[in-house]
$ cat query.pdb   # PDB, C-alpha atoms
ATOM      1  CA  MET A  24      11.862  -0.660  14.017
ATOM      2  CA  ILE A  25       8.987   1.676  14.753
ATOM      3  CA  PRO A  26       5.667  -0.211  14.562
ATOM      4  CA  ALA A  27       2.976   1.231  12.311
ATOM      5  CA  PRO A  28       1.026   3.791  14.361
ATOM      6  CA  ILE A  29      -2.652   3.280  15.126
ATOM      7  CA  PRO A  30      -4.731   6.316  14.089
ATOM      8  CA  PRO A  31      -7.139   7.692  16.725
ATOM      9  CA  ASP A  32     -10.121   6.854  14.498
ATOM     10  CA  ASP A  33      -8.945   3.291  13.827
ATOM     11  CA  ALA A  34     -12.172   1.539  14.874
ATOM     12  CA  GLU A  35     -14.159   3.716  12.462
ATOM     13  CA  ARG A  36     -11.502   3.236   9.771
ATOM     14  CA  VAL A  37     -11.590  -0.568  10.120
ATOM     15  CA  ARG A  38     -15.393  -0.556  10.079
ATOM     16  CA  ALA A  39     -15.356   1.477   6.837
ATOM     17  CA  LEU A  40     -12.812  -0.928   5.320
ATOM     18  CA  ARG A  41     -14.937  -3.957   6.175
ATOM     19  CA  GLU A  42     -18.035  -2.290   4.725
ATOM     20  CA  LEU A  43     -16.275  -2.295   1.335
ATOM     21  CA  LEU A  44     -16.658  -6.120   1.396
ATOM     22  CA  LEU A  45     -13.269  -6.644  -0.261
ATOM     23  CA  LEU A  46     -11.212  -8.342   2.449
ATOM     24  CA  ASP A  47     -10.400 -11.982   1.684
ATOM     25  CA  THR A  48     -12.132 -11.899  -1.707
ATOM     26  CA  PRO A  49     -10.717 -13.529  -4.854
ATOM     27  CA  PRO A  50      -8.473 -11.579  -7.245
ATOM     28  CA  GLU A  51     -10.256  -9.186  -9.595
ATOM     29  CA  GLU A  52      -8.993  -7.999 -12.958
ATOM     30  CA  ARG A  53     -10.025  -4.395 -12.215
ATOM     31  CA  PHE A  54      -7.373  -4.221  -9.464
ATOM     32  CA  ASP A  55      -4.876  -6.680 -10.937
ATOM     33  CA  ARG A  56      -4.426  -4.734 -14.168
ATOM     34  CA  VAL A  57      -3.599  -1.481 -12.323
ATOM     35  CA  VAL A  58      -1.025  -3.252 -10.156
ATOM     36  CA  GLN A  59       0.526  -4.964 -13.174
ATOM     37  CA  PHE A  60       0.698  -1.659 -15.061
ATOM     38  CA  ALA A  61       2.258   0.103 -12.050
ATOM     39  CA  ALA A  62       4.968  -2.556 -11.734
ATOM     40  CA  GLU A  63       5.755  -2.274 -15.457
ATOM     41  CA  GLN A  64       5.555   1.532 -15.610
ATOM     42  CA  PHE A  65       7.956   1.992 -12.699
ATOM     43  CA  GLU A  66      10.076  -1.078 -13.452
ATOM     44  CA  CYS A  67       9.448  -2.221  -9.886
ATOM     45  CA  PRO A  68       9.483  -5.909  -9.001
ATOM     46  CA  ILE A  69       6.588  -5.486  -6.538
ATOM     47  CA  ALA A  70       3.336  -3.532  -6.645
ATOM     48  CA  ALA A  71       0.166  -4.040  -4.620
ATOM     49  CA  VAL A  72      -3.218  -2.803  -3.551
ATOM     50  CA  SER A  73      -2.948  -3.219   0.204
ATOM     51  CA  LEU A  74      -5.892  -2.978   2.597
ATOM     52  CA  VAL A  75      -4.954  -2.348   6.240
ATOM     53  CA  ASP A  76      -7.247  -4.261   8.603
ATOM     54  CA  ALA A  77      -7.137  -4.227  12.423
ATOM     55  CA  ASP A  78      -4.130  -6.576  12.757
ATOM     56  CA  ARG A  79      -2.893  -7.192   9.239
ATOM     57  CA  GLN A  80      -2.442  -5.751   5.792
ATOM     58  CA  TRP A  81      -4.070  -7.865   3.132
ATOM     59  CA  PHE A  82      -3.245  -7.611  -0.552
ATOM     60  CA  LYS A  83      -6.295  -7.314  -2.794
ATOM     61  CA  ALA A  84      -3.965  -7.320  -5.804
ATOM     62  CA  ARG A  85      -0.254  -7.986  -5.993
ATOM     63  CA  VAL A  86       2.628  -8.563  -8.376
ATOM     64  CA  GLY A  87       5.966  -9.937  -7.196
ATOM     65  CA  LEU A  88       4.798 -10.986  -3.711
ATOM     66  CA  ASP A  89       4.037 -14.531  -2.613
ATOM     67  CA  ALA A  90       2.439 -13.524   0.689
ATOM     68  CA  SER A  91      -1.251 -12.595   0.667
ATOM     69  CA  GLU A  92      -0.907 -10.621   3.908
ATOM     70  CA  THR A  93       1.549  -9.454   6.569
ATOM     71  CA  ALA A  94       1.218  -8.265  10.136
ATOM     72  CA  ARG A  95       0.046  -4.669  10.376
ATOM     73  CA  ASP A  96       2.677  -3.615  12.913
ATOM     74  CA  ILE A  97       5.542  -4.330  10.477
ATOM     75  CA  SER A  98       3.740  -3.029   7.386
ATOM     76  CA  PHE A  99       4.916   0.023   5.497
ATOM     77  CA  CYS A 100       1.309   0.609   4.410
ATOM     78  CA  GLY A 101       0.304   0.826   8.076
ATOM     79  CA  HIS A 102       2.485   3.937   8.237
ATOM     80  CA  ALA A 103       1.201   5.265   4.905
ATOM     81  CA  ILE A 104      -2.460   5.263   5.999
ATOM     82  CA  THR A 105      -1.726   7.843   8.684
ATOM     83  CA  ARG A 106      -1.302  10.634   6.112
ATOM     84  CA  GLN A 107      -3.150  11.937   3.067
ATOM     85  CA  GLU A 108      -0.085  12.322   0.871
ATOM     86  CA  THR A 109       2.067   9.681  -0.791
ATOM     87  CA  MET A 110       4.634   8.202   1.584
ATOM     88  CA  VAL A 111       8.054   7.579   0.068
ATOM     89  CA  VAL A 112      10.910   5.661   1.688
ATOM     90  CA  GLU A 113      13.899   5.977  -0.633
ATOM     91  CA  ASP A 114      16.120   3.570   1.332
ATOM     92  CA  ALA A 115      14.544   1.579   4.147
ATOM     93  CA  LEU A 116      17.949   0.609   5.551
ATOM     94  CA  ARG A 117      18.620   4.308   6.224
ATOM     95  CA  ASP A 118      15.189   5.048   7.708
ATOM     96  CA  PRO A 119      14.957   4.488  11.495
ATOM     97  CA  ARG A 120      11.302   3.441  11.182
ATOM     98  CA  PHE A 121      12.238   0.490   8.979
ATOM     99  CA  ALA A 122      15.991  -0.273   9.178
ATOM    100  CA  ASP A 123      15.526  -3.393  11.332
ATOM    101  CA  ASN A 124      12.078  -4.323  10.006
ATOM    102  CA  PRO A 125      11.771  -8.044   9.156
ATOM    103  CA  LEU A 126      10.432  -7.109   5.699
ATOM    104  CA  VAL A 127      13.674  -5.192   5.093
ATOM    105  CA  LEU A 128      16.117  -7.664   6.641
ATOM    106  CA  GLY A 129      14.275 -10.717   5.222
ATOM    107  CA  GLU A 130      11.973 -11.356   2.290
ATOM    108  CA  PRO A 131      10.867  -9.419   0.336
ATOM    109  CA  ARG A 132      13.978  -7.309   1.261
ATOM    110  CA  ILE A 133      12.302  -3.928   0.891
ATOM    111  CA  ARG A 134      14.635  -1.019   0.240
ATOM    112  CA  PHE A 135      12.277   1.369  -1.596
ATOM    113  CA  TYR A 136       8.599   1.966  -0.853
ATOM    114  CA  ALA A 137       6.078   4.442  -2.233
ATOM    115  CA  GLY A 138       2.439   4.212  -1.166
ATOM    116  CA  THR A 139      -0.506   6.449  -2.015
ATOM    117  CA  PRO A 140      -3.436   6.178   0.413
ATOM    118  CA  LEU A 141      -6.835   4.889  -0.663
ATOM    119  CA  THR A 142      -9.991   6.093   1.065
ATOM    120  CA  ALA A 143     -13.381   4.608   1.851
ATOM    121  CA  PRO A 144     -16.480   6.575   0.798
ATOM    122  CA  GLY A 145     -16.513   8.334   4.201
ATOM    123  CA  GLY A 146     -12.918   9.531   3.776
ATOM    124  CA  GLN A 147     -11.214   6.987   6.061
ATOM    125  CA  LEU A 148      -7.772   5.862   4.872
ATOM    126  CA  VAL A 149      -8.128   2.113   4.356
ATOM    127  CA  GLY A 150      -5.137   1.069   2.263
ATOM    128  CA  THR A 151      -2.653   1.998  -0.424
ATOM    129  CA  LEU A 152      -1.523   1.470  -3.940
ATOM    130  CA  CYS A 153       2.147   0.807  -3.339
ATOM    131  CA  LEU A 154       5.402   0.165  -5.155
ATOM    132  CA  ILE A 155       8.269  -1.789  -3.620
ATOM    133  CA  ASP A 156      11.797  -2.358  -4.854
ATOM    134  CA  ARG A 157      14.773  -4.287  -3.487
ATOM    135  CA  ARG A 158      17.066  -1.374  -4.280
ATOM    136  CA  PRO A 159      16.955   2.276  -3.181
ATOM    137  CA  ARG A 160      15.151   4.686  -5.496
ATOM    138  CA  SER A 161      14.435   8.409  -5.647
ATOM    139  CA  PRO A 162      11.169   9.081  -7.455
ATOM    140  CA  ASP A 163      10.683  12.503  -8.997
ATOM    141  CA  THR A 164       7.534  14.611  -8.993
ATOM    142  CA  VAL A 165       6.349  13.061 -12.260
ATOM    143  CA  ASP A 166       6.700   9.553 -10.780
ATOM    144  CA  ILE A 167       4.634  10.571  -7.753
ATOM    145  CA  ALA A 168       1.997  12.185  -9.975
ATOM    146  CA  VAL A 169       1.699   8.987 -12.047
ATOM    147  CA  LEU A 170       1.404   6.861  -8.896
ATOM    148  CA  ARG A 171      -1.334   9.180  -7.612
ATOM    149  CA  ALA A 172      -3.189   8.962 -10.928
ATOM    150  CA  LEU A 173      -3.062   5.163 -10.790
ATOM    151  CA  ALA A 174      -4.232   5.253  -7.167
ATOM    152  CA  LYS A 175      -7.173   7.356  -8.303
ATOM    153  CA  LEU A 176      -8.176   4.530 -10.669
ATOM    154  CA  VAL A 177      -8.037   2.062  -7.777
ATOM    155  CA  GLN A 178      -9.923   4.535  -5.602
ATOM    156  CA  GLU A 179     -12.730   4.752  -8.164
ATOM    157  CA  GLU A 180     -13.017   0.955  -8.156
ATOM    158  CA  LEU A 181     -13.034   0.820  -4.339
ATOM    159  CA  THR A 182     -15.802   3.346  -3.963
ATOM    160  CA  GLY A 183     -17.799   2.546  -7.074
ATOM    161  CA  ASP A 184     -17.179   5.996  -8.537
ATOM    162  CA  GLY A 185     -15.580   4.560 -11.668
ATOM    163  CA  GLY A 186     -17.385   3.965 -14.949
TER     164      GLY A 186
END

$ encode --input "query.pdb" --output "structure tokens"
Amino acid sequence: MIPAPIPPDDAERVRALRELLLLDTPPEERFDRVVQFAAEQFECPIAAVSLVDADRQWFKARVGLDASETARDISFCGHAITRQETMVVEDALRDPRFADNPLVLGEPRIRFYAGTPLTAPGGQLVGTLCLIDRRPRSPDTVDIAVLRALAKLVQEELTGDGG
């Protein structure tokens, strides 16, 4: 397993995340409905809005996951927040970053992951809208475009740019 990398601007990124005042808050329909729609649209058992804090990823909204958070170093989203584009792992058992990850070998038994980064108002990558499946998948360009469009809805809610 390759632990999630720590970006050079992580202190600034974490500060921006905390300024959103969303960590450890109750569920909100505005996030829950996007996650529910994503799970249904992609026929994925798990979907989440994940916020990556200093030592953990915390789920602001989730479908199909019992856990409210996981350690950052084993999180897929911790990897996804190091890039602007959507990160796709078609089969985690065949990816050296994740093959022996406890989230792959144990519950929730991740095989497929797709996560689109979410940004704070200052542009820092603070989390993802992600899809998880227990079987390998190969999304096409339309799937990725739909995931990005849904992430834009979440993004608008995060930053207050939505209607």

$ closest_residue --input "query.pdb" --among "A:Arg171, A:Arg160, A:Arg117, A:Arg79" --to "Thr139 (chain A)" --atoms "all atoms listed in the file"
A:Arg171

$ resolve_selection --input "query.pdb" --expression "the PyMOL selection byres ((chain A and resi 107) around 12)" --output "PyMOL selection string"
chain A and resi 102-106+108-110+138-142+146-151+171

$ write_last_selection --input "query.pdb" --atoms "C-alpha atoms" --output "mmCIF file, in the coordinates of the input"
data_model
loop_
_atom_site.group_PDB
_atom_site.id
_atom_site.type_symbol
_atom_site.label_atom_id
_atom_site.label_comp_id
_atom_site.auth_asym_id
_atom_site.auth_seq_id
_atom_site.Cartn_x
_atom_site.Cartn_y
_atom_site.Cartn_z
ATOM 1 C CA HIS A 102 2.485 3.937 8.237
ATOM 2 C CA ALA A 103 1.201 5.265 4.905
ATOM 3 C CA ILE A 104 -2.460 5.263 5.999
ATOM 4 C CA THR A 105 -1.726 7.843 8.684
ATOM 5 C CA ARG A 106 -1.302 10.634 6.112
ATOM 6 C CA GLU A 108 -0.085 12.322 0.871
ATOM 7 C CA THR A 109 2.067 9.681 -0.791
ATOM 8 C CA MET A 110 4.634 8.202 1.584
ATOM 9 C CA GLY A 138 2.439 4.212 -1.166
ATOM 10 C CA THR A 139 -0.506 6.449 -2.015
ATOM 11 C CA PRO A 140 -3.436 6.178 0.413
ATOM 12 C CA LEU A 141 -6.835 4.889 -0.663
ATOM 13 C CA THR A 142 -9.991 6.093 1.065
ATOM 14 C CA GLY A 146 -12.918 9.531 3.776
ATOM 15 C CA GLN A 147 -11.214 6.987 6.061
ATOM 16 C CA LEU A 148 -7.772 5.862 4.872
ATOM 17 C CA VAL A 149 -8.128 2.113 4.356
ATOM 18 C CA GLY A 150 -5.137 1.069 2.263
ATOM 19 C CA THR A 151 -2.653 1.998 -0.424
ATOM 20 C CA ARG A 171 -1.334 9.180 -7.612
#

$ axis_aligned_box --input "query.pdb" --around "region 168-179 of chain A" --padding-each-side "6 Å" --output "lines of an AutoDock Vina configuration file"
center_x = -5.4
center_y = 7.1
center_z = -8.8
size_x = 26.7
size_y = 22.1
size_z = 18.4

$ atom_distance --input "query.pdb" --atom1 "CA of Val72 (chain A)" --atom2 "CA of Phe135 (chain A)"
16.2 Å

$ atom_distance --input "query.pdb" --atom1 "CA of Pro30 (chain A)" --atom2 "CA of Ala94 (chain A)"
16.2 Å

$ closest_residue --input "query.pdb" --among "A:Glu130, A:Asp118, A:Asp76, A:Asp163" --to "Val37 (chain A)" --atoms "all atoms listed in the file"
A:Asp76

$ decode --input "query.pdb" --residues "region 128-149 of chain A" --atoms "N, CA and C atoms" --output "PDB file, in the first residue's frame"
ATOM      1  N   LEU A 128      -8.859  -5.013   1.204  1.00  0.00           N
ATOM      2  CA  LEU A 128      -8.827  -6.379   1.718  1.00  0.00           C
ATOM      3  C   LEU A 128      -9.945  -6.647   2.732  1.00  0.00           C
ATOM      4  N   GLY A 129     -10.416  -5.600   3.412  1.00  0.00           N
ATOM      5  CA  GLY A 129     -11.517  -5.706   4.370  1.00  0.00           C
ATOM      6  C   GLY A 129     -12.654  -4.796   3.931  1.00  0.00           C
ATOM      7  N   GLU A 130     -13.618  -4.610   4.825  1.00  0.00           N
ATOM      8  CA  GLU A 130     -14.753  -3.752   4.495  1.00  0.00           C
ATOM      9  C   GLU A 130     -14.305  -2.323   4.250  1.00  0.00           C
ATOM     10  N   PRO A 131     -14.824  -1.672   3.256  1.00  0.00           N
ATOM     11  CA  PRO A 131     -15.967  -2.028   2.410  1.00  0.00           C
ATOM     12  C   PRO A 131     -15.607  -2.825   1.159  1.00  0.00           C
ATOM     13  N   ARG A 132     -14.368  -3.386   1.096  1.00  0.00           N
ATOM     14  CA  ARG A 132     -13.914  -4.215  -0.037  1.00  0.00           C
ATOM     15  C   ARG A 132     -13.934  -3.450  -1.359  1.00  0.00           C
ATOM     16  N   ILE A 133     -13.247  -2.329  -1.362  1.00  0.00           N
ATOM     17  CA  ILE A 133     -13.210  -1.465  -2.550  1.00  0.00           C
ATOM     18  C   ILE A 133     -12.466  -2.148  -3.676  1.00  0.00           C
ATOM     19  N   ARG A 134     -13.086  -2.188  -4.838  1.00  0.00           N
ATOM     20  CA  ARG A 134     -12.408  -2.635  -6.060  1.00  0.00           C
ATOM     21  C   ARG A 134     -12.350  -1.490  -7.063  1.00  0.00           C
ATOM     22  N   PHE A 135     -13.449  -0.710  -7.158  1.00  0.00           N
ATOM     23  CA  PHE A 135     -13.510   0.420  -8.082  1.00  0.00           C
ATOM     24  C   PHE A 135     -13.670   1.705  -7.279  1.00  0.00           C
ATOM     25  N   TYR A 136     -12.983   2.747  -7.730  1.00  0.00           N
ATOM     26  CA  TYR A 136     -13.094   4.070  -7.116  1.00  0.00           C
ATOM     27  C   TYR A 136     -13.011   5.124  -8.207  1.00  0.00           C
ATOM     28  N   ALA A 137     -13.877   6.115  -8.134  1.00  0.00           N
ATOM     29  CA  ALA A 137     -13.768   7.304  -8.980  1.00  0.00           C
ATOM     30  C   ALA A 137     -14.082   8.495  -8.084  1.00  0.00           C
ATOM     31  N   GLY A 138     -13.161   9.458  -8.029  1.00  0.00           N
ATOM     32  CA  GLY A 138     -13.357  10.629  -7.187  1.00  0.00           C
ATOM     33  C   GLY A 138     -12.998  11.905  -7.915  1.00  0.00           C
ATOM     34  N   THR A 139     -13.927  12.860  -7.907  1.00  0.00           N
ATOM     35  CA  THR A 139     -13.689  14.173  -8.499  1.00  0.00           C
ATOM     36  C   THR A 139     -13.426  15.160  -7.373  1.00  0.00           C
ATOM     37  N   PRO A 140     -12.299  15.884  -7.436  1.00  0.00           N
ATOM     38  CA  PRO A 140     -11.951  16.810  -6.358  1.00  0.00           C
ATOM     39  C   PRO A 140     -12.943  17.960  -6.203  1.00  0.00           C
ATOM     40  N   LEU A 141     -13.062  18.400  -4.952  1.00  0.00           N
ATOM     41  CA  LEU A 141     -13.873  19.555  -4.583  1.00  0.00           C
ATOM     42  C   LEU A 141     -12.924  20.611  -4.023  1.00  0.00           C
ATOM     43  N   THR A 142     -13.175  21.867  -4.339  1.00  0.00           N
ATOM     44  CA  THR A 142     -12.255  22.920  -3.915  1.00  0.00           C
ATOM     45  C   THR A 142     -12.929  23.921  -2.980  1.00  0.00           C
ATOM     46  N   ALA A 143     -12.119  24.474  -2.095  1.00  0.00           N
ATOM     47  CA  ALA A 143     -12.540  25.576  -1.235  1.00  0.00           C
ATOM     48  C   ALA A 143     -12.547  26.850  -2.075  1.00  0.00           C
ATOM     49  N   PRO A 144     -13.134  27.929  -1.570  1.00  0.00           N
ATOM     50  CA  PRO A 144     -13.181  29.173  -2.346  1.00  0.00           C
ATOM     51  C   PRO A 144     -11.811  29.667  -2.829  1.00  0.00           C
ATOM     52  N   GLY A 145     -10.744  29.372  -2.092  1.00  0.00           N
ATOM     53  CA  GLY A 145      -9.404  29.795  -2.494  1.00  0.00           C
ATOM     54  C   GLY A 145      -8.721  28.847  -3.467  1.00  0.00           C
ATOM     55  N   GLY A 146      -9.422  27.783  -3.877  1.00  0.00           N
ATOM     56  CA  GLY A 146      -8.868  26.844  -4.849  1.00  0.00           C
ATOM     57  C   GLY A 146      -8.201  25.616  -4.251  1.00  0.00           C
ATOM     58  N   GLN A 147      -8.130  25.512  -2.934  1.00  0.00           N
ATOM     59  CA  GLN A 147      -7.499  24.346  -2.304  1.00  0.00           C
ATOM     60  C   GLN A 147      -8.407  23.120  -2.460  1.00  0.00           C
ATOM     61  N   LEU A 148      -7.800  21.987  -2.756  1.00  0.00           N
ATOM     62  CA  LEU A 148      -8.554  20.735  -2.918  1.00  0.00           C
ATOM     63  C   LEU A 148      -8.841  20.163  -1.529  1.00  0.00           C
ATOM     64  N   VAL A 149     -10.121  20.125  -1.154  1.00  0.00           N
ATOM     65  CA  VAL A 149     -10.479  19.767   0.214  1.00  0.00           C
ATOM     66  C   VAL A 149     -11.222  18.439   0.348  1.00  0.00           C
TER      67      VAL A 149
END
